[in-house]
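Asks: Take a look at work.txt, compact mmCIF, C-alpha atoms and all ligand atoms:
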# COMPACT_ATOMS: atom_id res chain seq x y z
CA MET A 1 79.81 41.94 25.02
CA GLN A 2 80.85 38.34 24.45
CA LYS A 3 81.32 35.16 26.46
CA ILE A 4 84.62 33.53 25.52
CA PRO A 5 86.50 30.41 26.61
CA PHE A 6 89.09 31.37 29.19
CA SER A 7 91.88 30.01 26.98
CA LEU A 8 91.32 32.99 24.69
CA ALA A 9 91.63 35.62 27.43
CA GLN A 10 94.08 38.41 26.54
CA PRO A 11 95.54 41.27 28.57
CA GLY A 12 93.60 44.44 27.88
CA MET A 13 90.20 42.79 27.66
CA ILE A 14 87.60 44.33 29.96
CA LEU A 15 85.32 42.10 32.04
CA ALA A 16 81.68 42.76 31.20
CA ARG A 17 80.39 40.43 33.92
CA ASP A 18 81.60 39.26 37.30
CA VAL A 19 83.74 36.14 37.18
CA ILE A 20 82.24 33.36 39.27
CA ARG A 21 83.88 30.08 40.16
CA ALA A 22 82.46 27.21 38.11
CA ASP A 23 82.47 24.90 41.13
CA LYS A 24 80.73 27.50 43.32
CA PRO A 25 78.11 29.10 41.06
CA ASN A 26 76.36 30.71 44.00
CA GLY A 27 79.51 31.85 45.76
CA PRO A 28 80.93 35.37 45.73
CA PRO A 29 82.49 36.62 42.48
CA ILE A 30 86.28 36.32 42.26
CA CYS A 31 86.59 39.31 39.97
CA GLY A 32 84.28 42.24 39.41
CA LYS A 33 83.03 43.50 36.07
CA GLY A 34 84.82 46.52 34.62
CA LEU A 35 88.23 45.12 35.56
CA VAL A 36 90.91 45.18 32.84
CA LEU A 37 92.68 41.84 32.38
CA THR A 38 96.44 41.75 32.95
CA GLU A 39 98.96 38.91 32.55
CA SER A 40 99.04 38.28 36.27
CA LEU A 41 95.28 38.42 36.66
CA ILE A 42 94.86 35.90 33.83
CA GLU A 43 97.35 33.61 35.54
CA ARG A 44 95.51 33.92 38.84
CA LEU A 45 92.15 33.11 37.23
CA ALA A 46 93.72 30.17 35.39
CA ASN A 47 94.83 28.76 38.72
CA LEU A 48 91.24 28.95 39.94
CA GLU A 49 90.23 26.92 36.89
CA VAL A 50 87.94 29.55 35.46
CA GLN A 51 86.39 28.13 32.26
CA SER A 52 84.89 31.13 30.56
CA ILE A 53 84.60 34.90 30.95
CA THR A 54 82.39 37.59 29.48
CA VAL A 55 84.23 40.58 28.07
CA HIS A 56 83.32 43.85 26.38
CA GLY A 57 83.37 44.12 22.61
CA ASN A 58 83.25 41.26 20.16
CA PRO A 59 86.80 39.86 20.16
CA LEU A 60 85.94 36.50 18.58
CA GLY A 61 83.85 38.02 15.82
CA ILE A 62 80.88 35.73 16.49
CA ASP A 63 77.48 36.92 17.62
CA GLY A 64 77.82 38.66 20.93
CA VAL A 65 75.72 38.24 24.06
CA LYS A 66 72.21 39.59 23.78
CA THR A 67 70.40 41.73 26.31
CA LEU A 68 68.50 40.00 29.10
CA GLU A 69 65.17 41.02 27.55
CA GLU A 70 66.12 39.48 24.22
CA ASP A 71 67.34 36.30 25.93
CA LEU A 72 64.12 35.92 27.95
CA GLU A 73 62.02 36.57 24.88
CA SER A 74 63.69 33.83 22.84
CA LEU A 75 63.48 31.51 25.85
CA GLU A 76 59.69 31.98 25.85
CA ARG A 77 59.61 31.40 22.11
CA ARG A 78 61.50 28.10 22.39
CA PHE A 79 59.17 26.84 25.12
CA ARG A 80 55.94 28.06 23.50
CA LEU A 81 54.66 24.60 22.51
CA VAL A 82 55.07 22.98 25.92
CA SER A 83 53.46 25.53 28.24
CA ASP A 84 51.12 22.79 29.49
CA ASP A 85 53.98 20.47 30.47
CA PRO A 86 54.85 20.95 34.17
CA LEU A 87 58.33 19.42 33.73
CA ALA A 88 59.21 21.63 30.77
CA GLU A 89 57.90 24.55 32.83
CA LYS A 90 60.39 23.64 35.58
CA LEU A 91 63.22 23.62 33.06
CA LYS A 92 62.15 26.98 31.69
CA ASN A 93 62.24 28.45 35.18
CA VAL A 94 65.71 27.04 35.79
CA TYR A 95 66.84 28.69 32.57
CA ARG A 96 65.13 31.96 33.38
CA ASP A 97 66.84 32.06 36.79
CA TYR A 98 70.15 31.28 35.13
CA LEU A 99 69.76 34.07 32.58
CA VAL A 100 68.72 36.60 35.19
CA ARG A 101 71.50 35.62 37.60
CA THR A 102 74.26 35.75 34.97
CA SER A 103 73.09 38.87 33.17
CA GLY A 104 74.56 41.32 35.67
CA ASP A 105 73.57 44.34 33.62
CA MET B 1 51.00 3.00 6.73
CA GLU B 2 52.82 -0.18 7.76
CA ASP B 3 53.69 -0.95 4.12
CA PHE B 4 54.86 2.59 3.66
CA ARG B 5 57.11 2.25 6.68
CA ASN B 6 58.60 -0.99 5.34
CA ASP B 7 59.21 0.54 1.96
CA PHE B 8 60.93 3.44 3.63
CA ARG B 9 63.08 1.02 5.64
CA ASN B 10 64.21 -0.77 2.48
CA PHE B 11 64.86 2.55 0.85
CA ILE B 12 66.99 3.73 3.77
CA LEU B 13 68.99 0.54 4.13
CA ASP B 14 69.55 0.08 0.40
CA THR B 15 73.28 -0.49 0.39
CA ARG B 16 73.73 0.87 -3.11
CA THR B 17 73.25 4.38 -1.74
CA LEU B 18 74.33 3.84 1.85
CA PRO B 19 77.79 5.22 2.65
CA THR B 20 80.25 2.33 2.44
CA LEU B 21 81.71 1.12 5.68
CA PRO B 22 85.44 1.38 6.07
CA GLY B 23 87.05 -2.05 5.53
CA ILE B 24 88.88 -1.58 8.78
CA VAL B 25 85.62 -2.23 10.63
CA SER B 26 85.33 -5.89 9.65
CA LYS B 27 88.99 -6.44 10.50
CA LEU B 28 88.44 -4.78 13.85
CA ASN B 29 85.37 -6.93 14.43
CA SER B 30 87.33 -10.12 13.91
CA LEU B 31 89.97 -8.87 16.34
CA VAL B 32 87.29 -8.06 18.91
CA GLU B 33 85.78 -11.54 18.52
CA ASN B 34 89.14 -13.15 19.03
CA SER B 35 89.49 -12.75 22.79
CA LYS B 36 93.25 -13.21 22.56
CA SER B 37 93.86 -10.03 20.60
CA SER B 38 95.04 -7.14 22.72
CA LEU B 39 93.98 -3.53 22.81
CA GLN B 40 97.40 -2.70 21.39
CA GLU B 41 96.80 -4.87 18.33
CA MET B 42 93.47 -3.18 17.73
CA ALA B 43 95.02 0.23 18.18
CA ARG B 44 97.74 -0.66 15.70
CA LEU B 45 95.15 -1.73 13.14
CA VAL B 46 93.15 1.49 13.49
CA SER B 47 96.29 3.66 13.48
CA SER B 48 97.29 2.15 10.14
CA ASP B 49 94.51 4.17 8.53
CA GLN B 50 95.48 7.79 8.90
CA VAL B 51 92.24 9.36 7.72
CA ILE B 52 90.17 7.31 10.14
CA SER B 53 92.62 7.85 13.00
CA ALA B 54 92.48 11.58 12.50
CA ARG B 55 88.68 11.53 12.58
CA ILE B 56 88.58 9.45 15.73
CA LEU B 57 91.08 11.62 17.55
CA ARG B 58 89.15 14.70 16.54
CA LEU B 59 85.96 13.29 18.08
CA ALA B 60 87.78 11.89 21.12
CA ASN B 61 89.06 15.41 21.75
CA SER B 62 85.64 17.00 21.36
CA PRO B 63 84.10 18.56 24.47
CA SER B 64 81.56 15.70 24.53
CA TYR B 65 84.02 13.52 26.41
CA GLY B 66 85.71 16.13 28.52
CA PHE B 67 89.18 14.56 28.51
CA TYR B 68 92.18 16.78 28.72
CA ARG B 69 93.92 15.60 25.55
CA VAL B 70 93.74 12.32 23.66
CA SER B 71 96.75 12.11 21.37
CA THR B 72 96.95 8.46 20.28
CA ILE B 73 94.50 5.81 19.15
CA SER B 74 95.57 3.46 21.92
CA ASN B 75 94.84 6.24 24.39
CA ALA B 76 91.41 6.70 22.83
CA MET B 77 90.80 2.95 23.08
CA ILE B 78 91.68 2.94 26.75
CA LEU B 79 89.71 6.07 27.62
CA LEU B 80 86.67 5.50 25.42
CA GLY B 81 86.58 1.71 25.13
CA VAL B 82 86.62 -0.43 22.00
CA ASP B 83 82.84 -0.22 21.47
CA VAL B 84 82.91 3.56 21.40
CA VAL B 85 85.91 3.71 19.09
CA LYS B 86 84.24 1.22 16.78
CA SER B 87 81.04 3.22 16.63
CA LEU B 88 83.05 6.39 16.01
CA ILE B 89 84.74 4.72 13.04
CA LEU B 90 81.32 3.74 11.72
CA SER B 91 79.83 7.15 12.24
CA SER B 92 82.78 9.26 11.17
CA SER B 93 81.76 9.07 7.53
CA ILE B 94 78.27 10.12 8.54
CA PHE B 95 79.68 12.95 10.64
CA GLU B 96 81.53 14.19 7.63
CA ILE B 97 78.16 14.53 5.91
CA MET B 98 76.53 15.93 9.03
CA GLU B 99 78.87 18.91 9.21
CA ASN B 100 77.66 20.05 5.83
CA SER B 101 74.06 18.91 5.76
CA ILE B 102 71.24 20.05 8.02
CA LEU B 103 72.03 23.47 9.40
CA GLY B 104 73.35 23.27 12.94
CA LEU B 105 72.91 19.51 13.37
CA TRP B 106 76.62 19.04 14.00
CA GLU B 107 76.61 21.61 16.81
CA HIS B 108 73.35 20.20 18.17
CA SER B 109 74.91 16.72 18.30
CA LEU B 110 78.11 17.89 19.95
CA GLY B 111 76.08 19.89 22.44
CA ALA B 112 73.89 16.89 23.24
CA GLY B 113 77.03 14.82 23.78
CA VAL B 114 78.29 17.37 26.27
CA ALA B 115 74.92 17.60 28.04
CA ALA B 116 74.70 13.80 28.31
CA ASN B 117 78.23 13.64 29.71
CA ILE B 118 77.36 16.23 32.36
CA ILE B 119 74.13 14.45 33.34
CA ALA B 120 75.79 11.02 33.47
CA LYS B 121 78.64 12.28 35.63
CA ARG B 122 76.38 14.31 37.91
CA LEU B 123 74.18 11.24 38.50
CA LYS B 124 77.28 9.03 38.86
CA LEU B 125 76.06 6.64 36.16
CA GLN B 126 78.16 3.86 34.71
CA GLU B 127 79.51 3.92 31.17
CA CYS B 128 79.55 7.70 30.78
CA GLU B 129 81.50 7.43 27.51
CA GLU B 130 78.89 5.17 25.95
CA ILE B 131 76.16 7.58 27.03
CA SER B 132 78.01 10.56 25.53
CA THR B 133 78.50 8.63 22.32
CA ALA B 134 74.85 7.67 22.07
CA ALA B 135 73.96 11.35 22.53
CA LEU B 136 76.52 12.40 19.95
CA LEU B 137 74.86 10.00 17.50
CA HIS B 138 71.24 10.37 18.61
CA ASP B 139 70.03 12.24 15.50
CA ILE B 140 72.06 10.22 13.01
CA GLY B 141 68.74 9.16 11.46
CA LYS B 142 68.26 12.76 10.32
CA VAL B 143 71.55 12.69 8.46
CA ILE B 144 70.70 9.48 6.68
CA ILE B 145 67.22 10.69 5.70
CA ARG B 146 68.81 13.91 4.45
CA LEU B 147 71.32 11.85 2.48
CA LYS B 148 68.62 9.75 0.85
CA LEU B 149 65.95 12.38 0.26
CA GLU B 150 68.30 15.31 -0.27
CA GLU B 151 66.65 18.74 -0.43
CA GLU B 152 63.15 17.30 -0.15
CA TYR B 153 63.74 16.54 3.54
CA GLU B 154 65.32 19.89 4.26
CA MET B 155 62.39 21.68 2.64
CA LEU B 156 60.02 19.67 4.78
CA LEU B 157 61.84 20.70 7.96
CA ARG B 158 62.23 24.29 6.86
CA ASN B 159 58.54 24.66 6.02
CA ASN B 160 57.68 23.69 9.58
CA GLU B 161 60.19 25.94 11.30
CA GLU B 162 57.67 28.77 11.76
CA LYS B 163 55.17 26.52 13.50
CA GLY B 164 57.88 24.70 15.42
CA THR B 165 56.33 21.25 14.90
CA ALA B 166 58.71 18.54 16.10
CA SER B 167 60.67 16.90 13.29
CA ASP B 168 59.81 13.37 14.44
CA LEU B 169 56.11 14.17 14.11
CA ILE B 170 56.53 15.58 10.62
CA GLU B 171 58.54 12.53 9.64
CA ARG B 172 55.92 10.11 10.91
CA GLN B 173 53.25 11.97 8.96
CA ASN B 174 55.30 11.84 5.78
CA PHE B 175 57.27 8.60 5.93
CA GLY B 176 55.40 6.46 8.47
CA THR B 177 58.49 6.47 10.66
CA ASP B 178 60.86 8.98 12.26
CA HIS B 179 64.59 9.72 12.50
CA ALA B 180 64.87 7.92 15.85
CA GLU B 181 63.65 4.66 14.33
CA VAL B 182 65.75 5.22 11.20
CA GLY B 183 68.80 5.80 13.42
CA GLY B 184 67.97 2.56 15.23
CA TRP B 185 67.82 0.64 11.94
CA LEU B 186 71.15 2.03 10.94
CA ALA B 187 72.77 1.25 14.30
CA GLN B 188 71.44 -2.32 14.12
CA ASN B 189 72.60 -2.66 10.55
CA TRP B 190 76.07 -1.69 11.74
CA ASN B 191 75.88 -4.11 14.67
CA LEU B 192 76.42 -1.36 17.20
CA PRO B 193 75.98 -2.64 20.77
CA GLU B 194 72.50 -2.22 22.23
CA LYS B 195 73.72 0.29 24.79
CA LEU B 196 74.25 2.62 21.84
CA SER B 197 71.47 1.60 19.46
CA VAL B 198 68.70 1.55 22.07
CA PRO B 199 69.17 5.15 23.29
CA ILE B 200 69.35 6.31 19.66
CA ARG B 201 66.18 4.40 18.80
CA PHE B 202 64.18 5.55 21.84
CA HIS B 203 65.34 9.11 22.48
CA HIS B 204 61.86 10.41 21.64
CA ASN B 205 59.90 7.65 23.41
CA VAL B 206 61.84 6.43 26.39
CA ASP B 207 58.95 4.47 27.91
CA GLU B 208 58.85 2.07 24.98
CA THR B 209 62.13 0.39 25.84
CA GLU B 210 62.69 -2.07 28.65
CA ILE B 211 66.45 -2.30 28.30
CA HIS B 212 68.93 0.57 28.65
CA GLN B 213 66.15 2.89 29.75
CA VAL B 214 68.48 4.95 31.92
CA LYS B 215 70.80 5.60 28.98
CA ALA B 216 67.85 6.43 26.72
CA SER B 217 66.55 8.79 29.41
CA VAL B 218 69.86 10.64 29.61
CA VAL B 219 69.96 11.05 25.83
CA HIS B 220 66.36 12.31 25.84
CA MET B 221 67.16 14.86 28.56
CA ALA B 222 70.35 15.91 26.79
CA ASP B 223 68.37 16.60 23.62
CA VAL B 224 65.78 18.60 25.59
CA LEU B 225 68.45 20.59 27.44
CA ILE B 226 70.40 21.52 24.37
CA ARG B 227 67.23 22.74 22.69
CA ALA B 228 66.23 24.62 25.84
CA SER B 229 69.57 26.41 25.77
CA GLY B 230 68.85 27.62 22.24
CA PHE B 231 72.41 26.59 21.39
CA SER B 232 71.77 25.25 17.91
CA ARG B 233 68.85 24.05 15.89
CA GLY B 234 69.58 21.03 13.71
CA GLY B 235 66.09 20.80 12.25
CA ASP B 236 64.20 21.54 15.47
CA THR B 237 63.68 24.95 17.02
CA CYS B 238 61.31 24.26 19.90
CA VAL B 239 61.76 22.51 23.22
CA PRO B 240 59.91 19.19 23.26
CA ARG B 241 57.92 17.77 26.15
CA ILE B 242 60.00 16.18 28.91
CA GLN B 243 59.01 12.53 29.18
CA PRO B 244 57.98 11.82 32.78
CA THR B 245 59.49 8.31 32.53
CA ALA B 246 62.90 9.83 31.81
CA TRP B 247 62.58 12.45 34.55
CA ASN B 248 61.55 9.86 37.15
CA ARG B 249 63.97 7.21 36.02
CA LEU B 250 66.87 9.62 36.51
CA GLY B 251 65.47 11.00 39.77
CA LEU B 252 65.80 14.60 38.60
CA ASN B 253 64.70 17.62 40.58
CA ASP B 254 65.00 21.40 40.39
CA SER B 255 68.30 21.71 42.16
CA ILE B 256 70.07 18.96 40.17
CA LEU B 257 68.66 20.49 37.01
CA SER B 258 69.99 23.93 37.80
CA GLU B 259 73.47 22.55 38.56
CA ILE B 260 73.43 20.73 35.22
CA VAL B 261 72.27 23.84 33.34
CA GLU B 262 74.99 25.92 34.98
CA GLU B 263 77.72 23.48 33.94
CA LEU B 264 76.28 23.01 30.48
CA GLU B 265 76.16 26.73 29.72
CA ASP B 266 79.77 27.00 30.77
CA LYS B 267 80.90 24.13 28.54
CA LEU B 268 78.89 25.25 25.52
CA VAL B 269 81.38 28.06 25.01
CA ASP B 270 84.01 25.36 24.41
CA VAL B 271 81.70 23.52 22.04
CA LYS B 272 81.15 26.64 19.96
CA ASN B 273 84.87 27.15 19.86
CA PHE B 274 85.62 23.53 19.00
CA SER B 275 83.20 23.52 16.12
CA MET B 276 84.56 26.82 14.76
CA GLU B 277 88.07 25.35 14.82
CA ILE B 278 86.90 22.24 12.97
CA HIS B 279 85.20 24.33 10.31
CA ALA B 280 88.34 26.43 9.94
CA THR B 281 90.55 23.34 9.42
CA ASP B 282 88.04 21.86 6.99
CA ASP B 283 87.99 25.09 4.99
CA ARG B 284 91.75 25.09 4.81
CA GLN B 285 91.83 21.48 3.61
CA THR B 286 89.30 21.87 0.85
FE FE C 301 65.82 13.55 17.68
FE FE C 302 68.17 15.98 18.78
Rewrite the coordinates I just gave you, this time as structure tokens.
Replies:
Amino acid sequence: MQKIPFSLAQPGMILARDVIRADKPNGPPICGKGLVLTESLIERLANLEVQSITVHGNPLGIDGVKTLEEDLESLERRFRLVSDDPLAEKLKNVYRDYLVRTSGD
Amino acid sequence: MEDFRNDFRNFILDTRTLPTLPGIVSKLNSLVENSKSSLQEMARLVSSDQVISARILRLANSPSYGFYRVSTISNAMILLGVDVVKSLILSSSIFEIMENSILGLWEHSLGAGVAANIIAKRLKLQECEEISTAALLHDIGKVIIRLKLEEEYEMLLRNNEEKGTASDLIERQNFGTDHAEVGGWLAQNWNLPEKLSVPIRFHHNVDETEIHQVKASVVHMADVLIRASGFSRGGDTCVPRIQPTAWNRLGLNDSILSEIVEELEDKLVDVKNFSMEIHATDDRQT
């Protein structure tokens, strides 16, 4: 699974996560995971100004998306020195919410 | 310790080993001072140097500024402003070094530029381009220390990676100063405007500046955010403390923060892509 810039979307790629509008992050998904991209679907998403999508496989050949558990674990590791800082704690929670919300697995 | 710090300053600013400034900079400066010279004249001057033009356009098209496409120097001058273009000329030689020096510092800097741009726009601040540029350059002190001390500095950072101690702390223990101050010296030495040099100088201690505190606060938050995202390291692996002065000065809260994080994560995909493209072109050229 890999998050890629929308400009690199190709027909045949399979969505691994729901596509959400960048300007309405809490709104309903425009496209469900599991859907196979087609020319016309790509065009439609482009019109909605979608910036990035997460697809199955590793089409760009860079490190793919990790599991939610792995992501949360490295989040804790990065914040380990500032556990006594209430503001850093806020930021960590924002990130945790983000990771959980976008994981969709 | 004070003597040590002074010695280190002289060592850093020793021009014999400092990268030479492109001659175009002094010509540009005299054009800027002459109020009669037009933006077009300045653009023509910069365009006459192809290597520098290419570097500027490359940075102007980086995700840190979020423009659609900047294809000419005069466009870059209009969109970014003369101050920004000038500082990009000055820093482009340093950027060249940055891409190949401390692991991930280039990506960290680009990412911080993007984060700063998002924060500045979300808070409707003035001079967004200057703020992005300051964030893009905020760790320039690290590059110059790396350049002067070579592997010794990298070893120092690497040995502390396990513990996660902040690089500025390690630097103060070892050199009596840190990369923020070193970056400030450099920016002053280059006569960069204060709106750029101050945020660079104070990105780890925002409450010590009276001027440009908002800009310094944005750069501080951008640095924190990009480290929180785990996007790239650049000599630091852990999230630093958020300075309450910066948080309050910008009037941040949970909901603004989560909007910013959302947008940042989305844009970071572009940053990754941009930096891979750059590396690919560089590999082809060398
Ligand atoms: Fe820094
Ligand atoms: Fe930094």
Asks: Within 9 Å of chain A, which residues of chain B are there when counting all atoms listed in the file? Please give them as a PyMOL selection string.
Replies: chain B and resi 164-165+224-225+227-230+237-244+247+253-255+257-259+261-263+266-267+269-270+273
Asks: Counting all atoms listed in the file, find residues at most 10 Å from (83.0, 9.9, 19.9) (file frame) and give them as JSON, numbers by chain.
Replies: {"B": [55, 56, 57, 58, 59, 60, 61, 62, 63, 64, 65, 76, 80, 84, 85, 86, 87, 88, 89, 91, 92, 110, 113, 129, 130, 132, 133, 134, 135, 136, 137]}
Asks: Kindly provide, as an MDAnalysis selection string, all nucleotide and amino acid residues lying within 12 Å of ligand FE 302 (chain C), counting only C-alpha atoms and all ligand atoms.
Replies: chainID B and resid 102 104:113 115:116 134:143 166:168 179:180 183 199:204 219:228 231:240
Asks: For the atom pair atom CA of Val82 of chain B and atom CA of Leu28 of chain B, what is the interatomic distance in Å to one decimal place?
Replies: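 Going from atom CA of Val82 of chain B over to atom CA of Leu28 of chain B covers 9.4 Å.
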Asks: Give, as JSON, the centre coordinates and the x, y and z edge lengths in Å to one decimal for an axis-aligned box around all listed atoms of segment 185-195 of chain B, padded by 5 Å on each side.
Replies:
{"center_x": 72.1, "center_y": -1.0, "center_z": 17.7, "size_x": 18.6, "size_y": 16.1, "size_z": 24.2}
Asks: Please indicate the distance in Å from atom CA of His56 of chain A to atom CA of Leu15 of chain A, rounded to one decimal place.
Replies: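 These two atoms are separated by 6.3 Å.
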Asks: What does the structure give for the distance between atom CA of Tyr153 of chain B and atom CA of Asp178 of chain B, in Å to one decimal?
Replies: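 One can read the atom CA of Tyr153 of chain B to atom CA of Asp178 of chain B distance as 11.9 Å.
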Asks: Identify which of the residues B:Ile170, B:Ala54, B:Leu192, B:Leu268 lies closest to ligand FE 301 (chain C), counting all atoms listed in the file when measuring atom-to-atom distances.
Replies: B:Ile170
Asks: Please identify all polymer residues within 9 Å of Val19 of chain A, counting all atoms listed in the file, omitting same-chain residues fewer than 6 positions from it, and present them as JSON, numbers by chain.
Replies: {"A": [29, 30, 31, 32, 33, 45, 50, 52, 53, 54]}
Asks: Might you pull out every residue within 8 Å of Gln10 of chain A, with only C-alpha atoms counted and same-chain residues fewer than 2 positions away left off, and present them as an MDAnalysis selection string?
Replies: chainID A and resid 8 12:13 37:39 42
Asks: Just give me the residues with any atom within 12 Å of (92.7, -8.1, 16.5), file coordinates, counting all atoms listed in the file, written as a ChimeraX atom specification.
Replies: /B:24-46,82
Asks: Leaving out segment 5-15 of chain B and any residue of its chain fewer than 2 positions from it, which residues lie within 6 Å of it when counting only C-alpha atoms, given as a count of residues only?
Replies: 6
Asks: For ligand FE 301 (chain C), which residue out of B:Glu181, B:Glu151, B:Glu194, B:Glu161 is the nearest one, using only C-alpha atoms and all ligand atoms?
Replies: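 Selected residue with least distance to ligand FE 301 (chain C): B:Glu181.
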Asks: Using all atoms listed in the file, can you tell me which of A:Ile20, A:Arg101, A:Ile14, A:Leu68 comes closest to Val55 of chain A?
Replies: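 Looking only at the distances to Val55 of chain A, the closest residue turns out to be A:Ile14.
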Asks: Pick the closest to ligand FE 301 (chain C) from B:Ile211, B:Leu252, B:Val182, B:Ile131: which is it, counting only C-alpha atoms and all ligand atoms?
Replies: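 Closest to ligand FE 301 (chain C) of all the choices is B:Val182.
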